[in-house]
>>> print(open('protein-v1.csv').read())   # CSV, C-alpha atoms
chain,number,residue,atom,x,y,z
A,1,MET,CA,2.3,-17.4,-30.6
A,2,LYS,CA,-0.4,-16.6,-28.0
A,3,ARG,CA,-1.4,-13.1,-27.1
A,4,ILE,CA,0.9,-11.4,-24.6
A,5,ASN,CA,-0.5,-9.2,-21.9
A,6,VAL,CA,1.8,-6.2,-21.1
A,7,LYS,CA,1.9,-4.8,-17.5
A,8,ILE,CA,3.7,-1.5,-17.2
A,9,CYS,CA,4.7,-1.2,-13.5
A,10,CYS,CA,5.8,1.7,-11.3
A,11,ILE,CA,3.1,4.0,-12.7
A,12,LYS,CA,3.4,7.2,-10.7
A,13,ASP,CA,0.6,9.4,-12.0
A,14,VAL,CA,-2.5,9.6,-14.3
A,15,LEU,CA,-0.4,10.9,-17.2
A,16,GLU,CA,1.9,7.9,-17.1
A,17,ALA,CA,-1.1,5.6,-16.9
A,18,LYS,CA,-2.7,7.2,-19.9
A,19,LEU,CA,0.6,7.0,-21.8
A,20,ALA,CA,1.1,3.3,-21.0
A,21,ILE,CA,-2.5,2.4,-22.0
A,22,SER,CA,-2.4,4.5,-25.2
A,23,MET,CA,0.6,2.5,-26.3
A,24,GLY,CA,-0.9,-0.9,-25.6
A,25,ALA,CA,-0.6,-1.8,-22.0
A,26,THR,CA,-3.2,-4.2,-20.8
A,27,ALA,CA,-2.3,-3.7,-17.1
A,28,ILE,CA,-0.7,-1.1,-14.9
A,29,GLY,CA,1.2,-1.7,-11.7
A,30,LEU,CA,0.9,0.6,-8.7
A,31,VAL,CA,3.6,0.1,-6.1
A,32,GLY,CA,2.7,0.5,-2.5
A,33,LYS,CA,5.0,0.6,0.5
A,34,MET,CA,8.0,-1.6,0.0
A,35,PRO,CA,11.2,-2.3,2.0
A,36,SER,CA,13.2,-1.3,-1.1
A,37,GLY,CA,12.9,-0.6,-4.8
A,38,PRO,CA,11.5,2.0,-7.3
A,39,GLY,CA,8.1,3.4,-8.1
A,40,ILE,CA,6.5,3.7,-4.6
A,41,ILE,CA,3.5,6.0,-4.4
A,42,ASN,CA,1.1,6.7,-1.6
A,43,ASP,CA,-2.3,4.9,-1.5
A,44,GLN,CA,-4.3,8.0,-2.3
A,45,GLN,CA,-2.3,8.6,-5.5
A,46,ALA,CA,-2.8,5.0,-6.5
A,47,ALA,CA,-6.5,5.3,-5.9
A,48,LYS,CA,-6.6,8.4,-8.1
A,49,ILE,CA,-4.9,6.5,-10.9
A,50,VAL,CA,-7.3,3.6,-10.6
A,51,GLN,CA,-10.2,5.9,-10.9
A,52,SER,CA,-8.8,7.4,-14.1
A,53,VAL,CA,-8.5,4.0,-15.9
A,54,HIS,CA,-11.2,2.3,-17.9
A,55,SER,CA,-12.4,-1.1,-16.8
A,56,GLU,CA,-10.8,-3.0,-19.7
A,57,VAL,CA,-7.3,-2.4,-18.3
A,58,ASP,CA,-6.2,-4.3,-15.2
A,59,THR,CA,-5.1,-2.2,-12.3
A,60,ILE,CA,-2.7,-4.1,-10.1
A,61,MET,CA,-1.9,-2.9,-6.6
A,62,LEU,CA,1.5,-4.2,-5.3
A,63,THR,CA,1.7,-4.9,-1.6
A,64,SER,CA,4.5,-6.1,0.7
A,65,GLN,CA,2.0,-6.9,3.5
A,66,THR,CA,1.7,-10.5,4.5
A,67,ASN,CA,-1.5,-10.6,6.5
A,68,ALA,CA,-5.0,-10.4,5.1
A,69,ALA,CA,-6.2,-7.6,7.3
A,70,SER,CA,-3.4,-5.2,6.3
A,71,ILE,CA,-3.8,-6.2,2.6
A,72,ILE,CA,-7.5,-5.6,2.7
A,73,ALA,CA,-7.1,-2.2,4.4
A,74,HIS,CA,-4.6,-1.2,1.7
A,75,HIS,CA,-7.0,-2.4,-1.1
A,76,GLN,CA,-10.0,-0.5,0.4
A,77,ILE,CA,-8.2,2.7,-0.4
A,78,VAL,CA,-6.8,1.8,-3.8
A,79,ASN,CA,-9.7,-0.3,-5.1
A,80,SER,CA,-7.7,-2.0,-7.8
A,81,SER,CA,-8.9,-4.9,-9.9
A,82,HIS,CA,-5.9,-7.1,-8.9
A,83,ILE,CA,-3.6,-7.4,-5.9
A,84,GLN,CA,0.0,-8.4,-6.4
A,85,LEU,CA,1.5,-10.1,-3.4
A,86,THR,CA,5.2,-9.3,-3.6
A,87,ASP,CA,6.1,-11.4,-0.5
A,88,ILE,CA,5.0,-14.9,0.5
A,89,ILE,CA,2.0,-15.0,2.8
A,90,PRO,CA,0.8,-17.7,5.2
A,91,PHE,CA,-1.6,-20.1,3.4
A,92,ALA,CA,-4.5,-19.2,5.7
A,93,GLU,CA,-4.4,-15.6,4.5
A,94,TYR,CA,-5.4,-16.5,1.0
A,95,ALA,CA,-8.8,-17.8,2.2
A,96,LEU,CA,-9.4,-14.6,4.2
A,97,LEU,CA,-8.6,-12.5,1.1
A,98,ARG,CA,-10.9,-14.6,-1.0
A,99,LYS,CA,-13.7,-14.2,1.5
A,100,ARG,CA,-13.4,-10.4,1.9
A,101,LEU,CA,-12.4,-9.6,-1.7
A,102,PRO,CA,-14.2,-12.2,-3.9
A,103,ASN,CA,-14.1,-10.1,-7.0
A,104,VAL,CA,-10.4,-9.2,-6.8
A,105,GLN,CA,-7.8,-11.2,-8.7
A,106,LEU,CA,-4.7,-12.3,-6.7
A,107,LEU,CA,-1.2,-12.5,-8.2
A,108,GLN,CA,1.5,-14.2,-6.2
A,109,VAL,CA,5.1,-13.2,-6.9
A,110,ILE,CA,7.7,-16.0,-7.0
A,111,HIS,CA,11.2,-14.7,-6.8
A,112,VAL,CA,13.1,-17.0,-9.0
A,113,GLN,CA,16.5,-17.9,-7.4
A,114,SER,CA,16.9,-21.7,-7.9
A,115,SER,CA,15.1,-24.8,-9.1
A,116,LYS,CA,13.4,-25.0,-5.7
A,117,ASN,CA,11.1,-22.3,-6.8
A,118,VAL,CA,9.4,-24.7,-9.2
A,119,ALA,CA,7.9,-26.6,-6.3
A,120,GLN,CA,7.1,-23.4,-4.6
A,121,ALA,CA,5.2,-22.1,-7.6
A,122,ILE,CA,3.2,-25.2,-8.0
A,123,GLU,CA,2.2,-25.1,-4.4
A,124,ARG,CA,1.2,-21.4,-4.5
A,125,ALA,CA,-0.6,-21.7,-7.8
A,126,ALA,CA,-3.5,-23.6,-6.1
A,127,PHE,CA,-4.4,-20.4,-4.1
A,128,VAL,CA,-4.2,-17.6,-6.6
A,129,ASP,CA,-5.3,-16.5,-10.0
A,130,GLY,CA,-1.8,-15.9,-11.5
A,131,LEU,CA,1.9,-15.9,-10.8
A,132,LEU,CA,4.4,-13.3,-11.5
A,133,LEU,CA,8.0,-14.6,-11.8
A,134,ASP,CA,10.5,-11.9,-10.8
A,135,SER,CA,14.0,-11.3,-9.7
A,136,GLY,CA,14.6,-10.5,-6.0
A,137,SER,CA,15.9,-11.4,-2.6
A,138,PRO,CA,13.0,-12.0,-0.3
A,139,ASN,CA,15.2,-13.4,2.5
A,140,ALA,CA,17.7,-10.6,2.6
A,141,ALA,CA,18.1,-8.4,5.6
A,142,ILE,CA,16.5,-5.7,3.6
A,143,LYS,CA,14.1,-7.5,1.3
A,144,THR,CA,14.3,-6.9,-2.4
A,145,LEU,CA,10.8,-7.8,-3.6
A,146,GLY,CA,11.1,-6.5,-7.2
A,147,GLY,CA,12.2,-3.6,-9.2
A,148,THR,CA,15.8,-4.9,-9.4
A,149,GLY,CA,16.4,-4.3,-13.1
A,150,LYS,CA,18.0,-7.7,-13.2
A,151,THR,CA,17.1,-10.8,-15.1
A,152,HIS,CA,16.9,-14.3,-13.5
A,153,ASP,CA,17.3,-17.8,-14.9
A,154,TRP,CA,14.6,-18.0,-17.6
A,155,GLU,CA,15.0,-21.8,-17.8
A,156,ILE,CA,13.6,-22.1,-14.3
A,157,SER,CA,10.7,-19.7,-15.2
A,158,ALA,CA,10.0,-21.8,-18.3
A,159,LYS,CA,9.7,-24.9,-16.1
A,160,ILE,CA,7.3,-23.1,-13.9
A,161,GLN,CA,5.2,-22.0,-16.8
A,162,GLN,CA,5.0,-25.5,-18.1
A,163,ALA,CA,4.1,-27.0,-14.7
A,164,ILE,CA,1.1,-24.8,-13.8
A,165,SER,CA,-2.3,-24.1,-15.5
A,166,ILE,CA,-2.9,-20.5,-14.3
A,167,PRO,CA,-1.5,-17.4,-16.1
A,168,VAL,CA,2.1,-16.4,-15.6
A,169,TYR,CA,3.7,-12.9,-15.9
A,170,LEU,CA,7.4,-12.7,-16.5
A,171,ALA,CA,9.3,-9.8,-14.9
A,172,GLY,CA,12.9,-8.9,-13.9
A,173,GLY,CA,15.2,-6.9,-16.0
A,174,LEU,CA,13.1,-6.9,-19.2
A,175,ASN,CA,13.8,-4.1,-21.8
A,176,PRO,CA,13.3,-3.6,-25.5
A,177,SER,CA,16.5,-5.6,-26.4
A,178,ASN,CA,15.7,-8.8,-24.4
A,179,VAL,CA,11.9,-9.0,-24.1
A,180,GLY,CA,11.5,-10.9,-27.4
A,181,GLN,CA,14.0,-13.6,-26.4
A,182,ALA,CA,12.4,-13.8,-22.9
A,183,ILE,CA,9.0,-14.5,-24.4
A,184,LYS,CA,10.5,-17.1,-26.8
A,185,GLU,CA,12.2,-18.9,-23.9
A,186,VAL,CA,9.5,-18.8,-21.3
A,187,SER,CA,6.3,-18.4,-23.2
A,188,PRO,CA,4.5,-16.4,-20.5
A,189,ASN,CA,1.0,-15.1,-20.7
A,190,GLY,CA,2.3,-11.6,-20.0
A,191,VAL,CA,5.4,-9.6,-19.3
A,192,ASP,CA,6.0,-6.9,-16.7
A,193,VAL,CA,8.4,-4.0,-17.0
A,194,CYS,CA,9.4,-1.0,-14.9
A,195,SER,CA,13.0,0.3,-15.1
A,196,GLY,CA,13.6,-1.0,-18.6
A,197,ILE,CA,11.4,1.6,-20.2
A,198,ARG,CA,12.3,4.6,-18.0
A,199,ASN,CA,14.7,7.5,-18.1
A,200,ASN,CA,15.7,8.9,-14.7
A,201,GLY,CA,12.5,7.3,-13.3
A,202,ASP,CA,10.2,8.8,-15.9
A,203,LEU,CA,8.3,6.6,-18.4
A,204,SER,CA,9.9,7.0,-21.8
A,205,PRO,CA,7.6,7.0,-24.8
A,206,GLN,CA,10.5,6.0,-27.0
A,207,LYS,CA,11.5,3.0,-24.9
A,208,LEU,CA,7.9,2.0,-24.4
A,209,ALA,CA,7.3,2.1,-28.1
A,210,ALA,CA,10.4,0.0,-28.7
A,211,PHE,CA,9.3,-2.5,-26.0
A,212,MET,CA,5.9,-2.9,-27.6
A,213,GLU,CA,7.5,-3.3,-31.1
A,214,ALA,CA,9.8,-6.0,-29.9
A,215,ILE,CA,6.8,-7.9,-28.5
A,216,HIS,CA,4.8,-7.5,-31.7
A,217,ALA,CA,7.7,-8.6,-33.8
A,218,ILE,CA,7.5,-12.2,-32.5
A,219,LEU,CA,3.8,-12.6,-32.4
>>> encode(input="protein-v1.csv", output="structure tokens")
Amino acid sequence: MKRINVKICCIKDVLEAKLAISMGATAIGLVGKMPSGPGIINDQQAAKIVQSVHSEVDTIMLTSQTNAASIIAHHQIVNSSHIQLTDIIPFAEYALLRKRLPNVQLLQVIHVQSSKNVAQAIERAAFVDGLLLDSGSPNAAIKTLGGTGKTHDWEISAKIQQAISIPVYLAGGLNPSNVGQAIKEVSPNGVDVCSGIRNNGDLSPQKLAAFMEAIHAIL
């Protein structure tokens, strides 16, 4: 089994970041303004967290913006190593992001709803450094762009993983009881978790330890 990167998302302060990293997280997620969902923090707090993290850990800024100018303005405050695009952006915006932020890794979220997402993922993979396969409803009246706490069809995610050559993170409803099976079925490069390791919104050391143990048990 290949090494699995672990992204702990919805990090809200420096203490949570340090806890996640001390227990083996290879990446932390910092949620910017979203139409819905948990874990949203302001840009200044996200920047403070990024500054506290050593360079060996990926800092991933989540944005719901869909134009390059707004995404760049967001990133200029946070200064993360990665940007997670939680919504689908026009193709031309990728080139603008690459030009202005050449050293920043781009992750495109694909909200897995049907087999049509396989073609979408293949198409988008040509423009980014990685994909994150999540649950959500990007076409709803009030968009749900992540943080649902719900799983999706892992069979579709496995097909995406097999069809592309760039790294894939698996997200959506993962927790200590199902992450091992999810990894077996999808074989992602990494997993991403938010609500599955929290109690009343706070990062739980016990649940995080169980999550990491479940991963190590199958490696």
>>> residues_around(input="protein-v1.csv", residues="Tyr94 (chain A)", least_positions_apart="5", cutoff="8 Å", atoms="only C-alpha atoms", output="ChimeraX atom specification")
/A:68,89,127-128
>>> write_last_selection(input="protein-v1.csv", atoms="C-alpha atoms", output="PDB file, in the frame of the given file")
ATOM      1  CA  ALA A  68      -5.000 -10.400   5.100  1.00  0.00           C
ATOM      2  CA  ILE A  89       2.000 -15.000   2.800  1.00  0.00           C
ATOM      3  CA  PHE A 127      -4.400 -20.400  -4.100  1.00  0.00           C
ATOM      4  CA  VAL A 128      -4.200 -17.600  -6.600  1.00  0.00           C
TER       5      VAL A 128
END
>>> closest_residue(input="protein-v1.csv", among="A:Leu19, A:Cys194, A:Leu107, A:Ala27", to="Ile40 (chain A)", atoms="all atoms listed in the file")
A:Cys194
>>> closest_residue(input="protein-v1.csv", among="A:Leu133, A:Pro176, A:Val193, A:Ile88", to="Met212 (chain A)", atoms="all atoms listed in the file")
A:Pro176
>>> atom_distance(input="protein-v1.csv", atom1="CA of Ile11 (chain A)", atom2="CA of Met61 (chain A)")
10.5 Å
>>> closest_residue(input="protein-v1.csv", among="A:Ile83, A:Ala119, A:Ala182, A:Ile215", to="Asn103 (chain A)", atoms="only C-alpha atoms")
A:Ile83
>>> closest_residue(input="protein-v1.csv", among="A:Ala126, A:Ile197, A:Leu145, A:Ile110", to="Val31 (chain A)", atoms="all atoms listed in the file")
A:Leu145
>>> residues_around(input="protein-v1.csv", residues="Asp129 (chain A)", least_positions_apart="4", cutoff="10 Å", atoms="all atoms listed in the file", output="short mmCIF file (atom, residue, chain, number, x, y, z; two decimals) with C-alpha atoms, in the frame of the given file")
data_model
loop_
_atom_site.label_atom_id
_atom_site.label_comp_id
_atom_site.auth_asym_id
_atom_site.auth_seq_id
_atom_site.Cartn_x
_atom_site.Cartn_y
_atom_site.Cartn_z
CA HIS A 82 -5.90 -7.10 -8.90
CA VAL A 104 -10.40 -9.20 -6.80
CA GLN A 105 -7.80 -11.20 -8.70
CA LEU A 106 -4.70 -12.30 -6.70
CA LEU A 107 -1.20 -12.50 -8.20
CA GLN A 108 1.50 -14.20 -6.20
CA ARG A 124 1.20 -21.40 -4.50
CA ALA A 125 -0.60 -21.70 -7.80
CA SER A 165 -2.30 -24.10 -15.50
CA ILE A 166 -2.90 -20.50 -14.30
CA PRO A 167 -1.50 -17.40 -16.10
CA VAL A 168 2.10 -16.40 -15.60
#
>>> closest_residue(input="protein-v1.csv", among="A:Ile142, A:Ala214, A:Leu203, A:Ala73", to="Glu16 (chain A)", atoms="all atoms listed in the file")
A:Leu203
>>> residues_near_point(input="protein-v1.csv", point="(-2.4, 7.0, -20.3)", cutoff="12 Å", atoms="all atoms listed in the file", output="mmCIF file with C-alpha atoms, keeping the file's coordinate frame")
data_model
loop_
_atom_site.group_PDB
_atom_site.id
_atom_site.type_symbol
_atom_site.label_atom_id
_atom_site.label_comp_id
_atom_site.auth_asym_id
_atom_site.auth_seq_id
_atom_site.Cartn_x
_atom_site.Cartn_y
_atom_site.Cartn_z
ATOM 1 C CA ILE A 8 3.700 -1.500 -17.200
ATOM 2 C CA ILE A 11 3.100 4.000 -12.700
ATOM 3 C CA LYS A 12 3.400 7.200 -10.700
ATOM 4 C CA ASP A 13 0.600 9.400 -12.000
ATOM 5 C CA VAL A 14 -2.500 9.600 -14.300
ATOM 6 C CA LEU A 15 -0.400 10.900 -17.200
ATOM 7 C CA GLU A 16 1.900 7.900 -17.100
ATOM 8 C CA ALA A 17 -1.100 5.600 -16.900
ATOM 9 C CA LYS A 18 -2.700 7.200 -19.900
ATOM 10 C CA LEU A 19 0.600 7.000 -21.800
ATOM 11 C CA ALA A 20 1.100 3.300 -21.000
ATOM 12 C CA ILE A 21 -2.500 2.400 -22.000
ATOM 13 C CA SER A 22 -2.400 4.500 -25.200
ATOM 14 C CA MET A 23 0.600 2.500 -26.300
ATOM 15 C CA GLY A 24 -0.900 -0.900 -25.600
ATOM 16 C CA ALA A 25 -0.600 -1.800 -22.000
ATOM 17 C CA THR A 26 -3.200 -4.200 -20.800
ATOM 18 C CA ALA A 27 -2.300 -3.700 -17.100
ATOM 19 C CA ILE A 28 -0.700 -1.100 -14.900
ATOM 20 C CA ILE A 49 -4.900 6.500 -10.900
ATOM 21 C CA VAL A 50 -7.300 3.600 -10.600
ATOM 22 C CA SER A 52 -8.800 7.400 -14.100
ATOM 23 C CA VAL A 53 -8.500 4.000 -15.900
ATOM 24 C CA HIS A 54 -11.200 2.300 -17.900
ATOM 25 C CA VAL A 57 -7.300 -2.400 -18.300
ATOM 26 C CA LEU A 203 8.300 6.600 -18.400
ATOM 27 C CA PRO A 205 7.600 7.000 -24.800
#
>>> atom_distance(input="protein-v1.csv", atom1="CA of His152 (chain A)", atom2="CA of Ser114 (chain A)")
9.3 Å
>>> atom_distance(input="protein-v1.csv", atom1="CA of Ala47 (chain A)", atom2="CA of Pro102 (chain A)")
19.2 Å
>>> closest_residue(input="protein-v1.csv", among="A:Arg198, A:Lys207, A:His111, A:His74", to="Ser135 (chain A)", atoms="all atoms listed in the file")
A:His111
>>> residues_around(input="protein-v1.csv", residues="Lys184 (chain A)", least_positions_apart="4", cutoff="10 Å", atoms="all atoms listed in the file", output="short mmCIF file (atom, residue, chain, number, x, y, z; two decimals) with C-alpha atoms, in the coordinates of the input")
data_model
loop_
_atom_site.label_atom_id
_atom_site.label_comp_id
_atom_site.auth_asym_id
_atom_site.auth_seq_id
_atom_site.Cartn_x
_atom_site.Cartn_y
_atom_site.Cartn_z
CA MET A 1 2.30 -17.40 -30.60
CA ALA A 158 10.00 -21.80 -18.30
CA VAL A 179 11.90 -9.00 -24.10
CA GLY A 180 11.50 -10.90 -27.40
CA PRO A 188 4.50 -16.40 -20.50
CA ILE A 218 7.50 -12.20 -32.50
CA LEU A 219 3.80 -12.60 -32.40
#
>>> residues_around(input="protein-v1.csv", residues="Leu62 (chain A)", least_positions_apart="5", cutoff="8 Å", atoms="all atoms listed in the file", output="number ranges by chain")
A: 29-32, 83-86
>>> residues_around(input="protein-v1.csv", residues="Asp134 (chain A)", least_positions_apart="6", cutoff="8 Å", atoms="all atoms listed in the file", output="list in words")
Val109, Ile110, His111, Val112, Gly146, Thr151, His152, Leu170, Ala171 and Gly172 of chain A
>>> write_last_selection(input="protein-v1.csv", atoms="C-alpha atoms", output="PDB file, in the frame of the given file")
ATOM      1  CA  VAL A 109       5.100 -13.200  -6.900  1.00  0.00           C
ATOM      2  CA  ILE A 110       7.700 -16.000  -7.000  1.00  0.00           C
ATOM      3  CA  HIS A 111      11.200 -14.700  -6.800  1.00  0.00           C
ATOM      4  CA  VAL A 112      13.100 -17.000  -9.000  1.00  0.00           C
ATOM      5  CA  GLY A 146      11.100  -6.500  -7.200  1.00  0.00           C
ATOM      6  CA  THR A 151      17.100 -10.800 -15.100  1.00  0.00           C
ATOM      7  CA  HIS A 152      16.900 -14.300 -13.500  1.00  0.00           C
ATOM      8  CA  LEU A 170       7.400 -12.700 -16.500  1.00  0.00           C
ATOM      9  CA  ALA A 171       9.300  -9.800 -14.900  1.00  0.00           C
ATOM     10  CA  GLY A 172      12.900  -8.900 -13.900  1.00  0.00           C
TER      11      GLY A 172
END
